[in-house]
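Student: What follows is a structure written as structure tokens; I'll ask about it next.
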Amino acid sequence: MAGFQLRLETDRDRDGIEELLLAAFPTALEAHLVQMLREDDDVVYSLVASERTGVVGHALFSRMPAPAGTLALGPVAVTAPRRRQGIAAALIRAGLEHAKADAWEAAIVLGDPSYYRRFGFSREAVRRMSCRYAGPNLMGLALTRTAFSGSHIEYAPAFTKVEDSP
């Protein structure tokens, strides 16, 4: 896992993050989502893995309107040559540590259960809650004992805006 530095993004990282997202995903949807979350001031933690060549990994945690005190994890991306080297896992763990230290109650992710289970995410945590993204890939992770006390999961408005954009 050597060869990269984990840190919160700076303004100088933004072009590198956008390039990474455009290369890592089949469409510009994720890059556009990150831009809209920033514009709406819903980004809580934007972490990068960097090396001398620039940004090689990124993980974003954004605030959710419901349940209160909950963060959405995603997108997460790593450059193709640096995948399967623990960079994404290190970014996710660092973000979760920030969230715990700052007393966030929970985190929610929409992703591959076989991958996100290693961090403690589970479908069971959110199974009784309604959400427009409900399904087998919606998972939650309680960071406090009072997490997931509501009945509804609501993502930041940017998630809906990006779905509705052409």
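Numbering starts fresh at 1 for the residues of each chain in the structure tokens, the chains themselves are lettered A, B, ... in the order given, and ligands are numbered from 1 as they appear.
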Using the chain letters and numbers from this document, which residues of stretch 18-160 of chain A does DSSP assign to alpha helix (DSSP H), as a PyMOL selection string?

Tutor: chain A and resi 18-24+29-39+87-101+113-116+157-160

Student: With only C-alpha atoms counted and 10 Å as the cut-off, give the residues of stretch 29-68 of chain A in contact with stretch 4-10 of chain A, each with its shortest interatomic distance in Å and the pair that gives it, as CSV.

Tutor:
```
residue,atom,partner,partner_atom,distance
A:Tyr45,CA,A:Leu8,CA,6.9
A:Ser46,CA,A:Glu9,CA,5.6
A:Leu47,CA,A:Leu8,CA,4.4
A:Val48,CA,A:Arg7,CA,5.6
A:Ala49,CA,A:Leu6,CA,4.6
A:Ser50,CA,A:Gln5,CA,5.2
A:Glu51,CA,A:Phe4,CA,4.8
A:Arg52,CA,A:Phe4,CA,8.2
A:Thr53,CA,A:Phe4,CA,9.9
A:Gly54,CA,A:Phe4,CA,9.6
A:Val55,CA,A:Phe4,CA,9.1
A:Val56,CA,A:Phe4,CA,8.1
A:Gly57,CA,A:Leu6,CA,8.9
A:His58,CA,A:Glu9,CA,8.7
A:Ala59,CA,A:Leu8,CA,9.6
A:Leu60,CA,A:Glu9,CA,9.8
```

Student: Considering only C-alpha atoms, can you say which of A:Asp102, A:Glu30, A:Glu124, A:Glu97 comes closest to A:Phe159?

Tutor: A:Glu30

Student: Find the spatial neighbours of A:Trp104, counting only C-alpha atoms, within a cut-off of 9 Å - ignore same-chain residues fewer than 6 positions away - and output them as a ChimeraX atom specification.

Tutor: /A:68-71,98,143-144,147

Student: As a PyMOL selection string, please: the residues near stretch 31-34 of chain A (cut-off 6 Å, only C-alpha atoms, same-chain neighbours under 6 positions excluded).

Tutor: chain A and resi 18+21+162

Student: Produce a file of the selected residues containing C-alpha atoms, as a PDB file, in the first residue's frame.

Tutor:
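Saved to result25.pdb:
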```
ATOM      1  CA  GLU A  18     -12.498  15.056 -12.324  1.00  0.00           C
ATOM      2  CA  LEU A  21     -13.793  10.065 -12.349  1.00  0.00           C
ATOM      3  CA  VAL A 162     -27.850  14.207 -11.795  1.00  0.00           C
TER       4      VAL A 162
END
```

Student: Just checking: using only C-alpha atoms, which residue out of A:Gly135, A:Gly111, A:Gly3, A:Gly120 ends up closest to A:Arg82?

Tutor: A:Gly3

Student: Could you tell me which of A:Gln85, A:Ser130, A:Ser122, A:Thr146 comes closest to A:Ala103 if we count only C-alpha atoms?

Tutor: A:Thr146

Student: Could you state the separation of atom CA of A:Arg123 and atom CA of A:Asn137 in Å, given to one decimal place?

Tutor: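 The value is 7.5 Å.
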
Student: Taking into account only C-alpha atoms, which residue in the set A:Arg132, A:Arg63, A:Lys161, A:Arg93 is nearest to A:Glu105?

Tutor: A:Arg63

Student: Can you check which residues of stretch 36-101 of chain A DSSP gives as strand (DSSP E or B) on the backbone and send them as an MDAnalysis selection string?

Tutor: chainID A and resid 43:51 54:63 66 70:78
